[in-house]
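Have a look at the structure below before the remarks.
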Number of protein chains: 2
Amino acid sequence: MRLGTALVLSAPSGAGKTTLVHRLLQEFPQFAFSISCTTRAPRAGEVDGRDYHFLTKERFAAMRSEGAFAEWAEVHGNYYGTPLGPLRELLAAGRDVLLDVDVQGAAQLRLSLHNAATVFILPPSMQELERRLRSRGTDSDDVIATRLANAGKEIAEARWFESIIVNDDLNRACDELRAIYLAATLRTPLHRTVIDTLLQ
Amino acid sequence: MRLGTALVLSAPSGAGKTTLVHRLLQEFPQFAFSISCTTRAPRAGEVDGRDYHFLTKERFAAMRSEGAFAEWAEVHGNYYGTPLGPLRELLAAGRDVLLDVDVQGAAQLRLSLHNAATVFILPPSMQELERRLRSRGTDSDDVIATRLANAGKEIAEARWFESIIVNDDLNRACDELRAIYLAATLRTPLHRTVIDTLLQ
């Protein structure tokens with residue numbers, strides 16, 4: 001039995017991460033997802049323990065100071081965090097876990113998880129990124145300018161990721177993400193019992 | 001332009017490495033091979049600088065003491081070595097290089113080359129390895145016993161390789177080697193100019 005692989009993905013808005021993840025999950029539906037903790041109120045239909053673990057700010061702060069989060073962030077005054085214990089339990093049980101996080105989250109996960117495969121998805125160019133954001137037709141010029149400025153800051157963090165994918169051809173990018181995932185499941189430290197058993 | 005990837009493969013005799021390499025090269029014929037140096041005499045038809053660089057023992061020893069080999073070994077009284085300079089030049093020019101070496105060679109390559117992807121190919125079991133060696137019908141019981149003992153020693157070194165492939169299903173093992181190679185070409189340090197160019 002091997003240990004599970006943590007696949008950590010980040011990308012600026014418009015790089016195509018959602019489509020790539022969707023295609024990866026079509027071939028590998030066995031991925032587990034960790035349930036995040038949040039201090040925001042549940043929305044209609046959301047179930048505690050299924051969609052999120054809904055926590056008070058006090059409880060969240062207590063967990064944070066105990067180091068109970070693999071990564072956490074504040075977004076618009078609410079706190080979000082990935083609890084480390086359940087994540088480690090999934091990995092120890094051989095389940096692969098997909099973590100879709102921002103660049104700060106990825107930086108924290110690198111410290112929390114050994115053997116995490118961290119992948120940053122890049123647009124082919126800033127011009128193409130702008131074109132994609134505009135073609136959605138949903139955002140004002142101001143919002144697009146903010147997204148582009150943020151994308152620049154995030155891309156500057158790409159160098160800290162283990163691997164990068166340039167999403168200029170969707171099929172090739174999907175094949176590359178698949179390869180990074182499969183290769184990550186073949187890392188020797190996840191398979192030590194295989195070697196030990198062979199040598200018995 | 002990205003830097004090249006060094007793919008380093010080792011396996012005990014009978015693990016199926018030759019077939020896996022053959023299949024990998026069918027899809028990726030662009031691999032470069034480094035030309036080894038050797039102190040053994042050229043055989044009929046072998047061309048200096050194409051098949052090997054044929055060296056005197058004195059020249060080989062001088063190069064070795066200068067640190068000019070990425071890895072070297074003595075086999076049956078002859079010396080063999082992979083010259084580091086041409087290897088680095090290929091990688092710097094963006095060529096991917098396949099290095100098929102024994103476990104000692106791989107250990108030396110880990111020190112010589114950053115970002116080398118080291119892969120060990122395992123048989124499904126020692127029983128299956130023995131069956132494969134016997135089914136060749138070419139080796140005596142003594143030779144097979146020696147090969148199995150050597151295989152055990154080599155497999156004990158597998159834990160020092162970055163990735164392992166258990167070759168119990170040829171198609172799956174081929175897909176895994178392909179994934180490891182592709183993923184290795186996507187490592188961020190090979191692509192730093194991509195990120196720099198995007199941010200210009």
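Ligands are numbered from 1 in the order shown, chains are lettered A, B, ... in the order of the structure tokens, and residues start at 1 in each chain.
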
With chain B as the partner and 10 Å as the cut-off, tabulate the residues of chain A that qualify, each row holding the nearest pair of atoms and their distance in Å to one decimal, using only C-alpha atoms, sorted by chain and rising number, as JSON lines.
```
{"residue": "A:Val119", "atom": "CA", "partner": "B:Thr188", "partner_atom": "CA", "distance": 9.0}
{"residue": "A:Phe120", "atom": "CA", "partner": "B:Thr188", "partner_atom": "CA", "distance": 9.1}
{"residue": "A:Leu122", "atom": "CA", "partner": "B:Ile195", "partner_atom": "CA", "distance": 8.4}
{"residue": "A:Pro123", "atom": "CA", "partner": "B:Leu198", "partner_atom": "CA", "distance": 8.6}
{"residue": "A:Pro124", "atom": "CA", "partner": "B:Leu198", "partner_atom": "CA", "distance": 7.8}
{"residue": "A:Ser125", "atom": "CA", "partner": "B:Leu198", "partner_atom": "CA", "distance": 5.8}
{"residue": "A:Met126", "atom": "CA", "partner": "B:Leu198", "partner_atom": "CA", "distance": 6.6}
{"residue": "A:Gln127", "atom": "CA", "partner": "B:Leu198", "partner_atom": "CA", "distance": 9.6}
{"residue": "A:Ala151", "atom": "CA", "partner": "B:Leu199", "partner_atom": "CA", "distance": 9.8}
{"residue": "A:Gly152", "atom": "CA", "partner": "B:Leu199", "partner_atom": "CA", "distance": 6.6}
{"residue": "A:Lys153", "atom": "CA", "partner": "B:Leu199", "partner_atom": "CA", "distance": 9.0}
{"residue": "A:Ile155", "atom": "CA", "partner": "B:Ile195", "partner_atom": "CA", "distance": 7.2}
{"residue": "A:Ala156", "atom": "CA", "partner": "B:Leu199", "partner_atom": "CA", "distance": 7.2}
{"residue": "A:Glu157", "atom": "CA", "partner": "B:Ile195", "partner_atom": "CA", "distance": 9.4}
{"residue": "A:Ala158", "atom": "CA", "partner": "B:Ile195", "partner_atom": "CA", "distance": 7.4}
{"residue": "A:Arg159", "atom": "CA", "partner": "B:Thr188", "partner_atom": "CA", "distance": 6.2}
{"residue": "A:Trp160", "atom": "CA", "partner": "B:Thr188", "partner_atom": "CA", "distance": 7.9}
{"residue": "A:Phe161", "atom": "CA", "partner": "B:Thr188", "partner_atom": "CA", "distance": 6.7}
{"residue": "A:Glu162", "atom": "CA", "partner": "B:Thr188", "partner_atom": "CA", "distance": 5.6}
{"residue": "A:Ser163", "atom": "CA", "partner": "B:Arg187", "partner_atom": "CA", "distance": 4.3}
{"residue": "A:Ile164", "atom": "CA", "partner": "B:Thr188", "partner_atom": "CA", "distance": 5.6}
{"residue": "A:Ile165", "atom": "CA", "partner": "B:Leu186", "partner_atom": "CA", "distance": 6.7}
{"residue": "A:Val166", "atom": "CA", "partner": "B:Val194", "partner_atom": "CA", "distance": 8.7}
{"residue": "A:Asp175", "atom": "CA", "partner": "B:Ala179", "partner_atom": "CA", "distance": 8.9}
{"residue": "A:Glu176", "atom": "CA", "partner": "B:Leu182", "partner_atom": "CA", "distance": 6.8}
{"residue": "A:Leu177", "atom": "CA", "partner": "B:Ala183", "partner_atom": "CA", "distance": 8.1}
{"residue": "A:Arg178", "atom": "CA", "partner": "B:Ala179", "partner_atom": "CA", "distance": 7.6}
{"residue": "A:Ala179", "atom": "CA", "partner": "B:Ala179", "partner_atom": "CA", "distance": 4.1}
{"residue": "A:Ile180", "atom": "CA", "partner": "B:Ala183", "partner_atom": "CA", "distance": 4.7}
{"residue": "A:Tyr181", "atom": "CA", "partner": "B:Ala179", "partner_atom": "CA", "distance": 8.3}
{"residue": "A:Leu182", "atom": "CA", "partner": "B:Ala179", "partner_atom": "CA", "distance": 6.1}
{"residue": "A:Ala183", "atom": "CA", "partner": "B:Ile180", "partner_atom": "CA", "distance": 4.7}
{"residue": "A:Ala184", "atom": "CA", "partner": "B:Ile180", "partner_atom": "CA", "distance": 8.1}
{"residue": "A:Thr185", "atom": "CA", "partner": "B:Ser163", "partner_atom": "CA", "distance": 8.8}
{"residue": "A:Leu186", "atom": "CA", "partner": "B:Ser163", "partner_atom": "CA", "distance": 5.3}
{"residue": "A:Arg187", "atom": "CA", "partner": "B:Ser163", "partner_atom": "CA", "distance": 4.3}
{"residue": "A:Thr188", "atom": "CA", "partner": "B:Ser163", "partner_atom": "CA", "distance": 4.7}
{"residue": "A:Pro189", "atom": "CA", "partner": "B:Arg159", "partner_atom": "CA", "distance": 7.5}
{"residue": "A:Leu190", "atom": "CA", "partner": "B:Ser163", "partner_atom": "CA", "distance": 9.2}
{"residue": "A:His191", "atom": "CA", "partner": "B:Ile164", "partner_atom": "CA", "distance": 7.9}
{"residue": "A:Arg192", "atom": "CA", "partner": "B:Arg159", "partner_atom": "CA", "distance": 7.2}
{"residue": "A:Val194", "atom": "CA", "partner": "B:Val166", "partner_atom": "CA", "distance": 8.7}
{"residue": "A:Ile195", "atom": "CA", "partner": "B:Ile155", "partner_atom": "CA", "distance": 7.2}
{"residue": "A:Asp196", "atom": "CA", "partner": "B:Ala156", "partner_atom": "CA", "distance": 8.3}
{"residue": "A:Thr197", "atom": "CA", "partner": "B:Ser125", "partner_atom": "CA", "distance": 8.7}
{"residue": "A:Leu198", "atom": "CA", "partner": "B:Ser125", "partner_atom": "CA", "distance": 5.8}
{"residue": "A:Leu199", "atom": "CA", "partner": "B:Gly152", "partner_atom": "CA", "distance": 6.7}
{"residue": "A:Gln200", "atom": "CA", "partner": "B:Met126", "partner_atom": "CA", "distance": 9.5}
```

Restricting it to C-alpha atoms, dump the selection as a short mmCIF file (atom, residue, chain, number, x, y, z; two decimals), in the first residue's frame.
```cif
data_model
loop_
_atom_site.label_atom_id
_atom_site.label_comp_id
_atom_site.auth_asym_id
_atom_site.auth_seq_id
_atom_site.Cartn_x
_atom_site.Cartn_y
_atom_site.Cartn_z
CA VAL A 119 1.79 23.06 -9.75
CA PHE A 120 1.29 26.57 -11.08
CA LEU A 122 0.42 29.93 -16.42
CA PRO A 123 -1.38 31.70 -19.27
CA PRO A 124 0.61 31.84 -22.54
CA SER A 125 0.98 35.63 -22.17
CA MET A 126 -0.51 38.57 -20.26
CA GLN A 127 -2.18 39.69 -23.52
CA ALA A 151 -2.27 37.87 -11.88
CA GLY A 152 1.11 39.58 -12.27
CA LYS A 153 1.76 39.29 -8.53
CA ILE A 155 2.80 34.74 -11.55
CA ALA A 156 5.83 36.23 -9.79
CA GLU A 157 5.26 33.51 -7.15
CA ALA A 158 5.20 30.73 -9.77
CA ARG A 159 8.94 30.21 -9.36
CA TRP A 160 8.31 28.72 -5.90
CA PHE A 161 6.14 25.97 -7.30
CA GLU A 162 7.70 22.65 -8.16
CA SER A 163 6.23 22.50 -11.66
CA ILE A 164 4.65 24.86 -14.13
CA ILE A 165 2.21 24.27 -16.95
CA VAL A 166 1.79 26.86 -19.71
CA ASP A 175 -1.76 15.73 -20.55
CA GLU A 176 0.91 17.60 -18.60
CA LEU A 177 -1.22 17.89 -15.47
CA ARG A 178 -2.03 14.18 -15.75
CA ALA A 179 1.70 13.39 -16.04
CA ILE A 180 2.59 15.53 -13.02
CA TYR A 181 -0.12 13.81 -10.96
CA LEU A 182 0.85 10.27 -12.04
CA ALA A 183 4.55 10.97 -11.52
CA ALA A 184 3.80 12.36 -8.05
CA THR A 185 2.11 9.06 -7.12
CA LEU A 186 5.34 7.21 -8.07
CA ARG A 187 7.65 9.03 -5.67
CA THR A 188 9.71 6.55 -3.73
CA PRO A 189 8.89 7.79 -0.20
CA LEU A 190 5.22 6.92 -0.84
CA HIS A 191 6.17 3.32 -1.69
CA ARG A 192 8.63 2.26 0.96
CA VAL A 194 6.79 -1.97 -1.75
CA ILE A 195 10.59 -2.08 -1.59
CA ASP A 196 10.62 -3.61 1.90
CA THR A 197 8.17 -6.34 0.84
CA LEU A 198 10.20 -7.18 -2.28
CA LEU A 199 13.34 -7.65 -0.19
CA GLN A 200 11.75 -9.79 2.54
#
```

Exercise: region 25-41 of chain A partners within 8 Å, only C-alpha atoms, chain neighbours under 3 positions left out, as a PyMOL selection string: chain A and resi 21-22+49-57+60+78-83+86-87+90+95-99

May I have all residues of region 1-193 of chain B that DSSP, computed from the backbone, assigns to helix (DSSP H, G or I), given as a short mmCIF file (atom, residue, chain, number, x, y, z; two decimals) with N, CA and C atoms, in the first residue's frame?
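Wrote part_4.cif, looks like this:
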```cif
data_model
loop_
_atom_site.label_atom_id
_atom_site.label_comp_id
_atom_site.auth_asym_id
_atom_site.auth_seq_id
_atom_site.Cartn_x
_atom_site.Cartn_y
_atom_site.Cartn_z
N LYS B 17 13.60 -3.10 -18.31
CA LYS B 17 14.01 -1.74 -18.64
C LYS B 17 14.15 -1.52 -20.14
N THR B 18 14.74 -2.49 -20.83
CA THR B 18 15.00 -2.31 -22.27
C THR B 18 13.71 -2.06 -23.03
N THR B 19 12.67 -2.85 -22.74
CA THR B 19 11.39 -2.66 -23.42
C THR B 19 10.79 -1.30 -23.09
N LEU B 20 10.88 -0.90 -21.83
CA LEU B 20 10.31 0.39 -21.42
C LEU B 20 11.02 1.54 -22.13
N VAL B 21 12.35 1.46 -22.21
CA VAL B 21 13.11 2.52 -22.89
C VAL B 21 12.74 2.57 -24.37
N HIS B 22 12.63 1.41 -24.98
CA HIS B 22 12.27 1.32 -26.40
C HIS B 22 10.93 2.02 -26.64
N ARG B 23 9.96 1.74 -25.79
CA ARG B 23 8.63 2.35 -25.95
C ARG B 23 8.67 3.86 -25.71
N LEU B 24 9.47 4.29 -24.75
CA LEU B 24 9.58 5.72 -24.47
C LEU B 24 10.17 6.44 -25.69
N LEU B 25 11.19 5.83 -26.29
CA LEU B 25 11.86 6.47 -27.44
C LEU B 25 10.97 6.48 -28.68
N GLN B 26 10.04 5.54 -28.76
CA GLN B 26 9.08 5.58 -29.88
C GLN B 26 8.27 6.86 -29.84
N GLU B 27 7.80 7.24 -28.63
CA GLU B 27 7.01 8.47 -28.53
C GLU B 27 7.88 9.71 -28.50
N LYS B 57 44.14 4.28 -20.42
CA LYS B 57 43.87 4.26 -18.99
C LYS B 57 44.43 5.52 -18.32
N GLU B 58 45.55 6.02 -18.83
CA GLU B 58 46.17 7.22 -18.24
C GLU B 58 45.25 8.44 -18.44
N ARG B 59 44.74 8.57 -19.66
CA ARG B 59 43.86 9.71 -19.96
C ARG B 59 42.57 9.62 -19.13
N PHE B 60 42.03 8.38 -19.02
CA PHE B 60 40.82 8.20 -18.24
C PHE B 60 41.07 8.60 -16.78
N ALA B 61 42.20 8.13 -16.23
CA ALA B 61 42.52 8.42 -14.83
C ALA B 61 42.69 9.92 -14.62
N ALA B 62 43.30 10.60 -15.62
CA ALA B 62 43.50 12.05 -15.49
C ALA B 62 42.16 12.77 -15.49
N MET B 63 41.28 12.35 -16.40
CA MET B 63 39.95 12.98 -16.45
C MET B 63 39.19 12.73 -15.15
N ARG B 64 39.31 11.50 -14.64
CA ARG B 64 38.60 11.15 -13.42
C ARG B 64 39.06 12.03 -12.26
N SER B 65 40.38 12.24 -12.18
CA SER B 65 40.88 13.04 -11.05
C SER B 65 40.53 14.52 -11.22
N LEU B 84 31.10 14.79 -18.15
CA LEU B 84 30.15 15.77 -17.61
C LEU B 84 29.96 16.98 -18.54
N GLY B 85 31.04 17.45 -19.18
CA GLY B 85 30.95 18.65 -20.01
C GLY B 85 29.93 18.54 -21.12
N PRO B 86 30.03 17.52 -22.00
CA PRO B 86 29.07 17.38 -23.09
C PRO B 86 27.63 17.19 -22.59
N LEU B 87 27.49 16.51 -21.43
CA LEU B 87 26.17 16.30 -20.85
C LEU B 87 25.55 17.64 -20.46
N ARG B 88 26.35 18.46 -19.78
CA ARG B 88 25.84 19.78 -19.36
C ARG B 88 25.52 20.65 -20.56
N GLU B 89 26.35 20.52 -21.63
CA GLU B 89 26.09 21.32 -22.83
C GLU B 89 24.77 20.94 -23.47
N LEU B 90 24.49 19.63 -23.55
CA LEU B 90 23.22 19.16 -24.10
C LEU B 90 22.06 19.72 -23.28
N LEU B 91 22.15 19.61 -21.95
CA LEU B 91 21.06 20.07 -21.08
C LEU B 91 20.88 21.58 -21.19
N ALA B 92 22.00 22.31 -21.24
CA ALA B 92 21.91 23.77 -21.35
C ALA B 92 21.27 24.18 -22.67
N VAL B 103 23.15 1.18 -10.30
CA VAL B 103 22.81 1.96 -9.10
C VAL B 103 23.97 2.85 -8.64
N GLN B 104 25.22 2.39 -8.86
CA GLN B 104 26.36 3.23 -8.48
C GLN B 104 26.44 4.46 -9.39
N GLY B 105 26.18 4.23 -10.69
CA GLY B 105 26.17 5.35 -11.63
C GLY B 105 25.11 6.37 -11.27
N ALA B 106 23.93 5.88 -10.90
CA ALA B 106 22.84 6.79 -10.53
C ALA B 106 23.22 7.60 -9.30
N ALA B 107 23.88 6.96 -8.33
CA ALA B 107 24.28 7.67 -7.11
C ALA B 107 25.24 8.81 -7.47
N GLN B 108 26.16 8.56 -8.42
CA GLN B 108 27.09 9.62 -8.83
C GLN B 108 26.37 10.72 -9.61
N LEU B 109 25.41 10.32 -10.46
CA LEU B 109 24.68 11.32 -11.25
C LEU B 109 23.87 12.26 -10.37
N ARG B 110 23.34 11.73 -9.27
CA ARG B 110 22.60 12.59 -8.34
C ARG B 110 23.48 13.72 -7.82
N LEU B 111 24.78 13.44 -7.67
CA LEU B 111 25.70 14.47 -7.20
C LEU B 111 26.11 15.42 -8.33
N SER B 112 26.17 14.89 -9.56
CA SER B 112 26.70 15.69 -10.67
C SER B 112 25.65 16.60 -11.30
N MET B 126 10.42 -11.14 -6.44
CA MET B 126 11.67 -11.86 -6.75
C MET B 126 11.34 -13.17 -7.49
N GLN B 127 10.19 -13.78 -7.16
CA GLN B 127 9.78 -15.01 -7.85
C GLN B 127 9.56 -14.73 -9.34
N GLU B 128 8.88 -13.61 -9.63
CA GLU B 128 8.61 -13.27 -11.02
C GLU B 128 9.92 -12.91 -11.73
N LEU B 129 10.83 -12.25 -11.04
CA LEU B 129 12.12 -11.92 -11.64
C LEU B 129 12.86 -13.21 -12.01
N GLU B 130 12.85 -14.18 -11.11
CA GLU B 130 13.51 -15.46 -11.37
C GLU B 130 12.86 -16.15 -12.57
N ARG B 131 11.52 -16.12 -12.61
CA ARG B 131 10.80 -16.75 -13.72
C ARG B 131 11.21 -16.10 -15.05
N ARG B 132 11.30 -14.77 -15.05
CA ARG B 132 11.67 -14.07 -16.29
C ARG B 132 13.10 -14.42 -16.72
N LEU B 133 14.01 -14.47 -15.74
CA LEU B 133 15.40 -14.79 -16.08
C LEU B 133 15.50 -16.22 -16.62
N ARG B 134 14.74 -17.16 -16.01
CA ARG B 134 14.77 -18.55 -16.49
C ARG B 134 14.13 -18.68 -17.87
N SER B 135 13.09 -17.91 -18.13
CA SER B 135 12.36 -18.07 -19.39
C SER B 135 13.19 -17.61 -20.58
N ASP B 141 21.99 -22.18 -14.13
CA ASP B 141 21.48 -21.96 -12.77
C ASP B 141 22.41 -21.08 -11.96
N ASP B 142 23.72 -21.29 -12.14
CA ASP B 142 24.68 -20.47 -11.40
C ASP B 142 24.56 -18.99 -11.77
N VAL B 143 24.48 -18.74 -13.09
CA VAL B 143 24.38 -17.35 -13.54
C VAL B 143 23.09 -16.73 -13.03
N ILE B 144 22.00 -17.49 -13.08
CA ILE B 144 20.72 -16.97 -12.59
C ILE B 144 20.80 -16.67 -11.10
N ALA B 145 21.43 -17.56 -10.34
CA ALA B 145 21.56 -17.33 -8.90
C ALA B 145 22.35 -16.04 -8.64
N THR B 146 23.43 -15.82 -9.42
CA THR B 146 24.22 -14.60 -9.26
C THR B 146 23.40 -13.37 -9.62
N ARG B 147 22.65 -13.46 -10.73
CA ARG B 147 21.81 -12.32 -11.14
C ARG B 147 20.78 -11.98 -10.07
N LEU B 148 20.18 -13.01 -9.46
CA LEU B 148 19.17 -12.77 -8.43
C LEU B 148 19.79 -12.13 -7.19
N ALA B 149 20.98 -12.61 -6.82
CA ALA B 149 21.65 -12.01 -5.66
C ALA B 149 21.98 -10.55 -5.93
N ASN B 150 22.48 -10.29 -7.16
CA ASN B 150 22.78 -8.89 -7.53
C ASN B 150 21.51 -8.05 -7.54
N ALA B 151 20.42 -8.64 -8.05
CA ALA B 151 19.15 -7.90 -8.11
C ALA B 151 18.72 -7.48 -6.71
N GLY B 152 18.88 -8.38 -5.74
CA GLY B 152 18.52 -8.05 -4.36
C GLY B 152 19.31 -6.86 -3.86
N LYS B 153 20.63 -6.85 -4.16
CA LYS B 153 21.47 -5.72 -3.71
C LYS B 153 21.04 -4.43 -4.39
N GLU B 154 20.73 -4.53 -5.71
CA GLU B 154 20.32 -3.32 -6.44
C GLU B 154 18.98 -2.79 -5.93
N ILE B 155 18.03 -3.71 -5.68
CA ILE B 155 16.71 -3.29 -5.22
C ILE B 155 16.81 -2.59 -3.87
N ALA B 156 17.76 -3.01 -3.04
CA ALA B 156 17.96 -2.33 -1.75
C ALA B 156 18.36 -0.87 -1.95
N ALA B 158 17.04 0.98 -4.35
CA ALA B 158 15.92 1.66 -5.01
C ALA B 158 15.41 2.82 -4.18
N ARG B 159 15.53 2.71 -2.85
CA ARG B 159 14.98 3.77 -1.98
C ARG B 159 15.67 5.11 -2.18
N TRP B 160 16.85 5.11 -2.82
CA TRP B 160 17.55 6.38 -3.05
C TRP B 160 17.15 7.03 -4.36
N LEU B 170 2.98 -4.15 -18.44
CA LEU B 170 3.87 -3.38 -19.31
C LEU B 170 3.25 -2.05 -19.74
N ASN B 171 1.96 -2.07 -20.13
CA ASN B 171 1.35 -0.82 -20.59
C ASN B 171 1.28 0.22 -19.48
N ARG B 172 0.95 -0.25 -18.27
CA ARG B 172 0.89 0.71 -17.17
C ARG B 172 2.28 1.25 -16.85
N ALA B 173 3.27 0.36 -16.85
CA ALA B 173 4.64 0.79 -16.55
C ALA B 173 5.13 1.79 -17.61
N CYS B 174 4.79 1.56 -18.88
CA CYS B 174 5.17 2.50 -19.94
C CYS B 174 4.53 3.86 -19.72
N ASP B 175 3.24 3.84 -19.36
CA ASP B 175 2.52 5.10 -19.10
C ASP B 175 3.15 5.82 -17.92
N GLU B 176 3.59 5.07 -16.92
CA GLU B 176 4.19 5.69 -15.75
C GLU B 176 5.56 6.30 -16.08
N LEU B 177 6.35 5.60 -16.88
CA LEU B 177 7.65 6.16 -17.27
C LEU B 177 7.46 7.42 -18.11
N ARG B 178 6.49 7.38 -19.01
CA ARG B 178 6.15 8.55 -19.82
C ARG B 178 5.76 9.72 -18.91
N ALA B 179 4.94 9.45 -17.88
CA ALA B 179 4.49 10.51 -16.97
C ALA B 179 5.66 11.09 -16.20
N ILE B 180 6.55 10.23 -15.73
CA ILE B 180 7.72 10.72 -14.98
C ILE B 180 8.59 11.60 -15.87
N TYR B 181 8.78 11.16 -17.12
CA TYR B 181 9.60 11.97 -18.04
C TYR B 181 8.93 13.33 -18.31
N LEU B 182 7.65 13.30 -18.71
CA LEU B 182 6.95 14.56 -19.01
C LEU B 182 6.95 15.49 -17.80
N ALA B 183 6.63 14.93 -16.64
CA ALA B 183 6.61 15.76 -15.42
C ALA B 183 7.98 16.36 -15.16
N ALA B 184 9.04 15.59 -15.43
CA ALA B 184 10.39 16.10 -15.18
C ALA B 184 10.71 17.29 -16.10
N THR B 185 10.13 17.30 -17.30
CA THR B 185 10.36 18.43 -18.21
C THR B 185 9.61 19.69 -17.78
N THR B 188 9.94 23.63 -12.56
CA THR B 188 10.08 25.08 -12.66
C THR B 188 11.50 25.56 -12.94
N PRO B 189 12.54 25.01 -12.30
CA PRO B 189 13.88 25.55 -12.55
C PRO B 189 14.32 25.44 -14.01
N LEU B 190 13.70 24.54 -14.78
CA LEU B 190 14.03 24.41 -16.20
C LEU B 190 13.37 25.51 -17.04
N HIS B 191 12.44 26.22 -16.44
CA HIS B 191 11.57 27.15 -17.20
C HIS B 191 11.68 28.59 -16.73
N ARG B 192 12.76 28.95 -16.06
CA ARG B 192 12.73 30.27 -15.44
C ARG B 192 12.55 31.39 -16.46
N THR B 193 13.07 31.20 -17.68
CA THR B 193 12.89 32.27 -18.67
C THR B 193 11.42 32.44 -19.07
#
```

Distance of CA of Ser140 (chain B) from CA of Asp169 (chain B), expressed in Å to one decimal place: 26.9 Å

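When CA of Val101 (chain A) is paired with CA of Asn167 (chain A), their separation reads 17.8 Å.
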
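Take the candidates A:Leu3, A:Leu9, A:Leu113, A:Ala44 and check each one against Asp100 (chain A) using only C-alpha atoms; the shortest distance goes to A:Leu9.
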
DSSP strand (DSSP E) residues within region 103-185 of chain B, as number ranges by chain: B: 117-122, 163-166
